[in-house]
$ cat query.cif   # mmCIF, C-alpha atoms
data_work
loop_
_atom_site.group_PDB
_atom_site.id
_atom_site.type_symbol
_atom_site.label_atom_id
_atom_site.label_comp_id
_atom_site.auth_asym_id
_atom_site.auth_seq_id
_atom_site.Cartn_x
_atom_site.Cartn_y
_atom_site.Cartn_z
ATOM 1 C CA MET A 1372 0.000 0.000 0.000
ATOM 2 C CA PRO A 1373 1.557 3.338 -1.005
ATOM 3 C CA ILE A 1374 2.449 5.760 1.775
ATOM 4 C CA ASN A 1375 0.992 9.203 1.516
ATOM 5 C CA PRO A 1376 3.825 11.760 1.693
ATOM 6 C CA THR A 1377 1.685 14.384 3.392
ATOM 7 C CA ARG A 1378 0.871 11.995 6.229
ATOM 8 C CA SER A 1379 4.550 11.153 6.686
ATOM 9 C CA ARG A 1380 5.384 14.879 6.906
ATOM 10 C CA ILE A 1381 2.671 15.438 9.484
ATOM 11 C CA ARG A 1382 3.915 12.451 11.417
ATOM 12 C CA ASP A 1383 7.481 13.792 11.364
ATOM 13 C CA ARG A 1384 6.289 17.154 12.586
ATOM 14 C CA ASN A 1385 4.333 15.630 15.433
ATOM 15 C CA ASP A 1386 7.259 13.451 16.449
ATOM 16 C CA PRO A 1387 8.848 15.164 19.503
ATOM 17 C CA ILE A 1388 12.320 13.904 18.587
ATOM 18 C CA ASN A 1389 12.271 16.001 15.424
ATOM 19 C CA ARG A 1390 11.591 19.215 17.344
ATOM 20 C CA PRO A 1391 14.426 21.744 17.490
ATOM 21 C CA GLU A 1392 14.946 21.399 21.235
ATOM 22 C CA PHE A 1393 15.429 17.615 20.911
ATOM 23 C CA LEU A 1394 17.393 17.750 17.679
ATOM 24 C CA SER A 1395 20.733 17.383 19.489
ATOM 25 C CA LEU A 1396 19.727 13.859 20.544
ATOM 26 C CA ASN A 1397 19.978 12.670 16.939
ATOM 27 C CA GLN A 1398 23.405 14.293 16.411
ATOM 28 C CA PRO A 1399 26.784 13.046 17.619
ATOM 29 C CA LEU A 1400 28.389 14.643 20.664
ATOM 30 C CA ARG A 1401 30.221 17.955 20.097
ATOM 31 C CA ASN A 1402 31.802 20.673 22.134
ATOM 32 C CA SER A 1403 29.692 22.726 24.483
ATOM 33 C CA ASN A 1404 30.103 25.869 22.365
ATOM 34 C CA GLU A 1405 28.943 24.061 19.247
ATOM 35 C CA ALA A 1406 25.995 22.566 21.148
ATOM 36 C CA ARG A 1407 24.920 26.003 22.291
ATOM 37 C CA GLY A 1408 25.161 27.296 18.776
ATOM 38 C CA THR A 1409 23.041 24.428 17.443
ATOM 39 C CA LEU A 1410 20.376 25.060 20.033
ATOM 40 C CA ARG A 1411 20.172 28.708 19.083
ATOM 41 C CA ARG A 1412 20.342 28.223 15.328
ATOM 42 C CA PRO A 1413 19.183 24.725 14.368
ATOM 43 C CA GLY A 1414 18.797 25.649 10.709
ATOM 44 C CA LEU A 1415 22.550 26.324 10.345
ATOM 45 C CA LEU A 1416 23.812 22.921 11.475
ATOM 46 C CA LYS A 1417 24.703 21.765 8.020
ATOM 47 C CA ARG A 1418 26.499 25.021 7.209
ATOM 48 C CA GLN A 1419 28.802 25.024 10.256
ATOM 49 C CA PRO A 1420 31.559 22.785 8.883
ATOM 50 C CA SER A 1421 31.868 24.863 5.738
ATOM 51 C CA GLN A 1422 31.980 28.089 7.748
ATOM 52 C CA GLN A 1423 34.684 26.710 10.042
ATOM 53 C CA GLN A 1424 36.732 25.699 7.033
ATOM 54 C CA GLN A 1425 36.357 29.188 5.630
ATOM 55 C CA GLN A 1426 37.314 30.827 8.920
ATOM 56 C CA GLN A 1427 40.530 28.856 9.277
ATOM 57 C CA PRO A 1428 42.478 30.741 6.564
ATOM 58 C CA GLN A 1429 41.084 34.022 7.896
ATOM 59 C CA ASN A 1430 42.396 33.199 11.364
ATOM 60 C CA VAL A 1431 45.744 32.353 9.843
ATOM 61 C CA GLN A 1432 45.807 35.750 8.149
ATOM 62 C CA GLN A 1433 44.711 37.568 11.297
ATOM 63 C CA GLU A 1434 47.521 36.122 13.436
ATOM 64 C CA PRO A 1435 50.351 38.032 11.687
ATOM 65 C CA LEU A 1436 48.227 41.191 11.772
ATOM 66 C CA GLU A 1437 47.756 40.839 15.517
ATOM 67 C CA ASN A 1438 51.477 40.245 15.970
ATOM 68 C CA SER A 1439 52.289 43.351 13.934
ATOM 69 C CA THR A 1440 49.917 45.500 15.979
ATOM 70 C CA GLU A 1441 51.459 44.208 19.206
ATOM 71 C CA ASP A 1442 54.915 45.031 17.899
ATOM 72 C CA ARG A 1443 53.750 48.549 17.039
ATOM 73 C CA ARG A 1444 52.298 49.030 20.501
ATOM 74 C CA GLU A 1445 55.559 47.917 22.049
ATOM 75 C CA SER A 1446 57.601 50.213 19.799
ATOM 76 C CA VAL A 1447 55.378 53.267 20.410
ATOM 77 C CA LYS A 1448 55.804 54.208 24.053
ATOM 78 C CA LEU A 1449 54.177 57.144 25.743
ATOM 79 C CA PRO A 1450 56.406 59.832 27.263
ATOM 80 C CA GLU A 1451 56.894 59.840 30.994
ATOM 81 C CA GLU A 1452 54.856 63.064 31.336
ATOM 82 C CA ASP A 1453 51.722 61.307 30.031
ATOM 83 C CA CYS A 1454 52.098 58.300 32.306
ATOM 84 C CA ILE A 1455 50.180 58.179 35.563
ATOM 85 C CA GLN A 1456 52.229 57.575 38.665
ATOM 86 C CA LEU A 1457 50.361 54.995 40.669
ATOM 87 C CA ASN A 1458 52.529 55.517 43.741
ATOM 88 C CA PRO A 1459 53.601 59.197 43.854
ATOM 89 C CA SER A 1460 55.914 60.424 46.555
ATOM 90 C CA PHE A 1461 54.854 62.643 49.422
ATOM 91 C CA LYS A 1462 57.016 65.438 48.039
ATOM 92 C CA GLY A 1463 55.259 65.292 44.679
ATOM 93 C CA ILE A 1464 51.811 65.326 46.283
ATOM 94 C CA ALA A 1465 52.759 68.301 48.461
ATOM 95 C CA MET A 1466 54.197 70.252 45.526
ATOM 96 C CA ASN A 1467 51.163 69.608 43.332
ATOM 97 C CA SER A 1468 48.827 70.643 46.152
ATOM 98 C CA LEU A 1469 50.754 73.867 46.776
ATOM 99 C CA MET A 1470 50.766 74.695 43.069
ATOM 100 C CA ALA A 1471 47.023 74.131 42.845
ATOM 101 C CA ILE A 1472 46.423 76.391 45.863
ATOM 102 C CA ASP A 1473 48.716 79.036 44.370
ATOM 103 C CA ILE A 1474 46.878 79.053 41.028
ATOM 104 C CA CYS A 1475 43.442 79.151 42.682
ATOM 105 C CA MET A 1476 44.296 82.022 45.031
ATOM 106 C CA SER A 1477 46.079 83.979 42.293
ATOM 107 C CA LYS A 1478 43.056 83.769 40.021
ATOM 108 C CA ARG A 1479 40.759 84.893 42.808
ATOM 109 C CA LEU A 1480 43.030 87.843 43.599
ATOM 110 C CA GLY A 1481 43.108 88.936 39.967
ATOM 111 C CA VAL A 1482 40.205 91.320 40.538
ATOM 112 C CA CYS A 1483 41.628 93.936 38.146
ATOM 113 C CA ALA A 1484 42.621 91.593 35.347
ATOM 114 C CA TYR A 1485 40.037 92.988 32.933
ATOM 115 C CA SER A 1486 37.876 96.076 32.737
ATOM 116 C CA HIS A 1487 34.779 93.950 33.415
ATOM 117 C CA SER A 1488 36.294 92.362 36.531
ATOM 118 C CA SER A 1489 34.948 93.001 40.024
ATOM 119 C CA TRP A 1490 37.468 95.812 40.625
ATOM 120 C CA GLY A 1491 37.729 96.863 37.015
ATOM 121 C CA SER A 1492 36.923 100.489 37.861
ATOM 122 C CA VAL A 1493 40.286 100.938 39.648
ATOM 123 C CA ARG A 1494 42.299 99.065 37.036
ATOM 124 C CA SER A 1495 43.941 102.249 35.733
ATOM 125 C CA MET A 1496 45.178 103.167 39.234
ATOM 126 C CA VAL A 1497 46.584 99.691 39.764
ATOM 127 C CA ASN A 1498 48.314 99.897 36.376
ATOM 128 C CA LEU A 1499 49.887 103.198 37.428
ATOM 129 C CA LEU A 1500 51.088 101.643 40.676
ATOM 130 C CA ALA A 1501 52.579 98.711 38.772
ATOM 131 C CA PHE A 1502 54.302 101.105 36.355
ATOM 132 C CA THR A 1503 56.272 102.600 39.269
ATOM 133 C CA GLY A 1504 57.992 99.235 39.671
ATOM 134 C CA HIS A 1505 58.948 98.888 36.016
ATOM 135 C CA GLY A 1506 62.626 98.660 35.135
ATOM 136 C CA ILE A 1507 62.773 101.100 32.220
ATOM 137 C CA PRO A 1508 61.600 104.215 34.176
ATOM 138 C CA TRP A 1509 64.018 103.425 37.008
ATOM 139 C CA ILE A 1510 66.987 103.011 34.668
ATOM 140 C CA ILE A 1511 66.182 106.214 32.739
ATOM 141 C CA GLY A 1512 65.574 108.155 35.961
ATOM 142 C CA THR A 1513 68.868 106.944 37.463
ATOM 143 C CA ILE A 1514 70.816 108.005 34.366
ATOM 144 C CA ILE A 1515 69.187 111.471 34.422
ATOM 145 C CA CYS A 1516 69.995 111.930 38.107
ATOM 146 C CA LEU A 1517 73.544 110.740 37.469
ATOM 147 C CA THR A 1518 74.118 113.331 34.770
ATOM 148 C CA ARG A 1519 72.849 116.103 37.038
ATOM 149 C CA SER A 1520 74.658 115.026 40.186
ATOM 150 C CA ASN A 1521 77.665 117.159 41.253
ATOM 151 C CA THR A 1522 78.866 115.326 44.360
ATOM 152 C CA MET A 1523 81.105 112.292 44.250
ATOM 153 C CA ALA A 1524 79.139 110.542 47.000
ATOM 154 C CA GLY A 1525 75.885 110.959 45.105
ATOM 155 C CA GLN A 1526 77.481 109.740 41.868
ATOM 156 C CA GLU A 1527 78.871 106.696 43.675
ATOM 157 C CA VAL A 1528 75.427 105.757 44.987
ATOM 158 C CA LEU A 1529 73.762 106.339 41.625
ATOM 159 C CA VAL A 1530 76.316 104.283 39.672
ATOM 160 C CA ASN A 1531 75.903 101.329 42.011
ATOM 161 C CA LEU A 1532 72.136 101.705 41.835
ATOM 162 C CA LEU A 1533 72.325 101.634 38.032
ATOM 163 C CA LEU A 1534 74.411 98.468 38.129
ATOM 164 C CA ALA A 1535 71.932 96.905 40.556
ATOM 165 C CA LEU A 1536 69.040 97.728 38.240
ATOM 166 C CA LEU A 1537 70.845 96.237 35.227
ATOM 167 C CA LEU A 1538 71.707 93.135 37.250
ATOM 168 C CA ASP A 1539 68.074 92.753 38.300
ATOM 169 C CA VAL A 1540 66.727 93.137 34.753
ATOM 170 C CA MET A 1541 69.182 90.654 33.230
ATOM 171 C CA THR A 1542 68.811 88.057 36.007
ATOM 172 C CA VAL A 1543 65.015 88.114 35.996
ATOM 173 C CA ALA A 1544 64.881 87.977 32.190
ATOM 174 C CA GLY A 1545 67.197 84.963 32.130
ATOM 175 C CA MET A 1546 65.210 83.100 34.781
ATOM 176 C CA GLN A 1547 61.935 83.835 33.023
ATOM 177 C CA LYS A 1548 63.365 82.458 29.784
ATOM 178 C CA LEU A 1549 64.423 79.272 31.542
ATOM 179 C CA VAL A 1550 61.210 78.652 33.494
ATOM 180 C CA LYS A 1551 58.689 80.046 30.965
ATOM 181 C CA ARG A 1552 55.785 79.991 33.397
ATOM 182 C CA LYS A 1553 52.638 81.731 32.230
ATOM 183 C CA GLY A 1554 50.472 83.934 34.388
ATOM 184 C CA PRO A 1555 47.142 82.931 35.912
ATOM 185 C CA TRP A 1556 45.274 84.842 33.195
ATOM 186 C CA GLU A 1557 46.056 84.802 29.490
ATOM 187 C CA MET A 1558 47.308 88.311 28.691
ATOM 188 C CA THR A 1559 49.598 89.741 26.056
ATOM 189 C CA PRO A 1560 52.631 91.637 27.412
ATOM 190 C CA GLY A 1561 52.848 95.371 26.834
ATOM 191 C CA LEU A 1562 55.488 97.375 25.004
ATOM 192 C CA PHE A 1563 57.529 98.114 28.129
ATOM 193 C CA ASP A 1564 57.352 94.439 29.084
ATOM 194 C CA TYR A 1565 58.952 93.466 25.776
ATOM 195 C CA ILE A 1566 61.632 96.144 26.161
ATOM 196 C CA ALA A 1567 62.483 95.027 29.698
ATOM 197 C CA MET A 1568 62.159 91.322 28.680
ATOM 198 C CA ASP A 1569 59.460 90.865 31.327
ATOM 199 C CA ILE A 1570 57.306 88.438 29.330
ATOM 200 C CA TYR A 1571 56.728 85.431 31.570
ATOM 201 C CA SER A 1572 55.411 85.101 35.081
ATOM 202 C CA PHE A 1573 58.164 83.547 37.220
ATOM 203 C CA PRO A 1574 59.831 85.361 38.893
ATOM 204 C CA ALA A 1575 57.966 88.657 39.235
ATOM 205 C CA ALA A 1576 60.261 91.386 37.927
ATOM 206 C CA HIS A 1577 58.332 94.246 39.538
ATOM 207 C CA ALA A 1578 58.467 92.603 42.969
ATOM 208 C CA SER A 1579 62.198 91.917 42.643
ATOM 209 C CA ARG A 1580 62.926 95.454 41.536
ATOM 210 C CA ALA A 1581 60.742 97.061 44.184
ATOM 211 C CA ALA A 1582 62.352 95.021 46.969
ATOM 212 C CA MET A 1583 65.869 95.776 45.742
ATOM 213 C CA VAL A 1584 65.277 99.520 45.239
ATOM 214 C CA SER A 1585 63.503 99.993 48.562
ATOM 215 C CA LYS A 1586 66.256 98.174 50.455
ATOM 216 C CA PHE A 1587 68.915 100.117 48.563
ATOM 217 C CA LEU A 1588 67.339 103.499 49.316
ATOM 218 C CA LEU A 1589 66.740 102.608 52.948
ATOM 219 C CA SER A 1590 70.401 101.691 53.351
ATOM 220 C CA HIS A 1591 72.013 104.643 51.555
ATOM 221 C CA LEU A 1592 69.608 107.540 52.119
ATOM 222 C CA VAL A 1593 68.747 109.267 55.340
ATOM 223 C CA LEU A 1594 64.948 109.292 55.448
ATOM 224 C CA ALA A 1595 62.410 110.083 58.109
ATOM 225 C CA VAL A 1596 60.379 107.278 59.646
ATOM 226 C CA PRO A 1597 57.159 108.061 57.734
ATOM 227 C CA LEU A 1598 59.075 108.032 54.447
ATOM 228 C CA ARG A 1599 60.697 104.726 55.337
ATOM 229 C CA ILE A 1600 57.287 103.230 56.090
ATOM 230 C CA LEU A 1601 55.881 104.581 52.820
ATOM 231 C CA LEU A 1602 58.849 103.151 50.913
ATOM 232 C CA VAL A 1603 58.292 99.670 52.321
ATOM 233 C CA LEU A 1604 54.559 99.960 51.682
ATOM 234 C CA TRP A 1605 55.238 101.029 48.089
ATOM 235 C CA ALA A 1606 57.462 98.002 47.482
ATOM 236 C CA PHE A 1607 54.771 95.642 48.768
ATOM 237 C CA LEU A 1608 51.972 97.285 46.772
ATOM 238 C CA ALA A 1609 54.064 97.446 43.595
ATOM 239 C CA GLY A 1610 54.622 93.708 43.773
ATOM 240 C CA MET A 1611 51.031 92.828 44.671
ATOM 241 C CA SER A 1612 49.641 95.081 41.949
ATOM 242 C CA ARG A 1613 50.805 92.562 39.371
ATOM 243 C CA VAL A 1614 48.772 89.864 41.129
ATOM 244 C CA LEU A 1615 45.696 92.095 41.081
ATOM 245 C CA LEU A 1616 46.214 92.634 37.356
ATOM 246 C CA GLY A 1617 46.413 88.875 36.776
ATOM 247 C CA ARG A 1618 50.024 88.988 35.549
ATOM 248 C CA HIS A 1619 51.731 86.941 38.247
ATOM 249 C CA HIS A 1620 51.029 84.243 40.810
ATOM 250 C CA LEU A 1621 51.551 84.718 44.512
ATOM 251 C CA THR A 1622 54.601 82.464 44.473
ATOM 252 C CA ASP A 1623 56.074 84.548 41.635
ATOM 253 C CA VAL A 1624 55.782 87.701 43.723
ATOM 254 C CA GLY A 1625 57.152 86.018 46.853
ATOM 255 C CA PHE A 1626 60.153 84.684 44.981
ATOM 256 C CA GLY A 1627 60.600 88.107 43.354
ATOM 257 C CA PHE A 1628 60.853 89.791 46.761
ATOM 258 C CA ALA A 1629 63.476 87.254 47.858
ATOM 259 C CA LEU A 1630 65.391 87.670 44.596
ATOM 260 C CA GLY A 1631 65.429 91.467 44.981
ATOM 261 C CA TYR A 1632 66.865 91.145 48.483
ATOM 262 C CA LEU A 1633 69.519 88.807 47.076
ATOM 263 C CA HIS A 1634 70.413 91.336 44.382
ATOM 264 C CA PHE A 1635 70.855 94.022 47.026
ATOM 265 C CA ASN A 1636 73.242 91.816 48.990
ATOM 266 C CA LEU A 1637 75.246 91.033 45.844
ATOM 267 C CA VAL A 1638 75.615 94.727 45.017
ATOM 268 C CA GLU A 1639 76.706 95.448 48.563
ATOM 269 C CA MET A 1640 79.343 92.716 48.304
ATOM 270 C CA VAL A 1641 80.796 94.080 45.029
ATOM 271 C CA TRP A 1642 80.236 97.729 45.850
ATOM 272 C CA LEU A 1643 82.152 99.950 43.442
ATOM 273 C CA PRO A 1644 84.272 102.598 45.161
ATOM 274 C CA SER A 1645 84.262 106.267 44.227
ATOM 275 C CA ASN A 1646 87.387 106.087 42.014
ATOM 276 C CA THR A 1647 85.889 103.266 39.918
ATOM 277 C CA CYS A 1648 82.614 105.148 39.604
ATOM 278 C CA GLN A 1649 84.424 108.283 38.410
ATOM 279 C CA THR A 1650 86.276 106.227 35.827
ATOM 280 C CA LEU A 1651 83.028 104.758 34.519
ATOM 281 C CA ILE A 1652 81.430 108.209 34.393
ATOM 282 C CA SER A 1653 84.358 109.631 32.452
ATOM 283 C CA ILE A 1654 84.176 106.742 29.976
ATOM 284 C CA GLY A 1655 80.463 107.380 29.554
ATOM 285 C CA LYS A 1656 81.009 111.067 28.926
ATOM 286 C CA LEU A 1657 83.753 110.436 26.379
ATOM 287 C CA SER A 1658 81.425 108.185 24.400
ATOM 288 C CA TRP A 1659 79.007 111.093 23.902
ATOM 289 C CA ILE A 1660 81.620 113.616 22.737
ATOM 290 C CA PRO A 1661 81.176 114.241 18.998
ATOM 291 C CA LEU A 1662 84.272 113.695 16.863
#
$ encode --input "query.cif" --output "structure tokens"
Amino acid sequence: MPINPTRSRIRDRNDPINRPEFLSLNQPLRNSNEARGTLRRPGLLKRQPSQQQQQQPQNVQQEPLENSTEDRRESVKLPEEDCIQLNPSFKGIAMNSLMAIDICMSKRLGVCAYSHSSWGSVRSMVNLLAFTGHGIPWIIGTIICLTRSNTMAGQEVLVNLLLALLLDVMTVAGMQKLVKRKGPWEMTPGLFDYIAMDIYSFPAAHASRAAMVSKFLLSHLVLAVPLRILLVLWAFLAGMSRVLLGRHHLTDVGFGFALGYLHFNLVEMVWLPSNTCQTLISIGKLSWIPL
């Protein structure tokens, strides 16, 4: 008796062994990963061997690529500045903390940095106060006073003051070129700053100059007590005015005060006597005589 094909199909469908979840019972044992894949995609059982055979040459080609990428990663090494120190020293943590505090306080004290700042209305007065600590006016004023001085004692003091000013300008400019620290606020230097080579932030040239000049005048001029107090107050305000204008950090100004005191001590150690000062003055006068 012939078998109806439709009945056999219905019978196969109704047979629980032919269901997808029991299909693995009719297949030979395989790895667990292959068994999971067959349970998820029963319709792709017959295509798996061909796909594995196709993937084998691809894996062979991918292995040299992976080796080349690993070699490139080993050859390309990050600089030490970009690496994170997992175990920093106590000194490094303290220095970074102090620098962060310095930057934060300096930015908060820059109340006259711009015209729209909180103290922008007095920015012109603070600029005038900072100008009194600039190197160019002090050098020009010292040369004018030296040409008009008639006493040998006054000329001796003025020549040594001029040398101290030149020493301060050159030392600060050299240190700023080496450190190249920028100020707390992004500002372009002015014309006098370029002339005096006062471009960067550390150390503060105005603070160094104000400390050196005030100490020099207090040591070599006879002044009344109120004038001495005003001179010290001027030196402090001239240095802090640059912080208010956003030009320098607090540490820059503090180091500038210390550097100015050091310059004064150096000038006192190599103090030029009166005969040497007269020789220098005569050489300077001869250079201006027309031929």
$ resolve_selection --input "query.cif" --expression "the PyMOL selection byres ((chain A and resi 1549) around 12)" --output "list in words"
Thr1542, Val1543, Ala1544, Gly1545, Met1546, Gln1547, Lys1548, Val1550, Lys1551, Arg1552, Ile1570, Tyr1571, Ser1572, Phe1573 and Pro1574 of chain A
$ atom_distance --input "query.cif" --atom1 "CA of Thr1522 in chain A" --atom2 "CA of Glu1639 in chain A"
20.4 Å
$ resolve_selection --input "query.cif" --expression "the PyMOL selection byres ((chain A and resi 1619-1624) around 6)" --output "JSON, numbers by chain"
{"A": [1477, 1554, 1572, 1573, 1574, 1575, 1578, 1613, 1614, 1617, 1618, 1625, 1626, 1627]}
$ resolve_selection --input "query.cif" --expression "the PyMOL selection byres ((chain A and resi 1582) around 12)" --output "count of residues only"
41
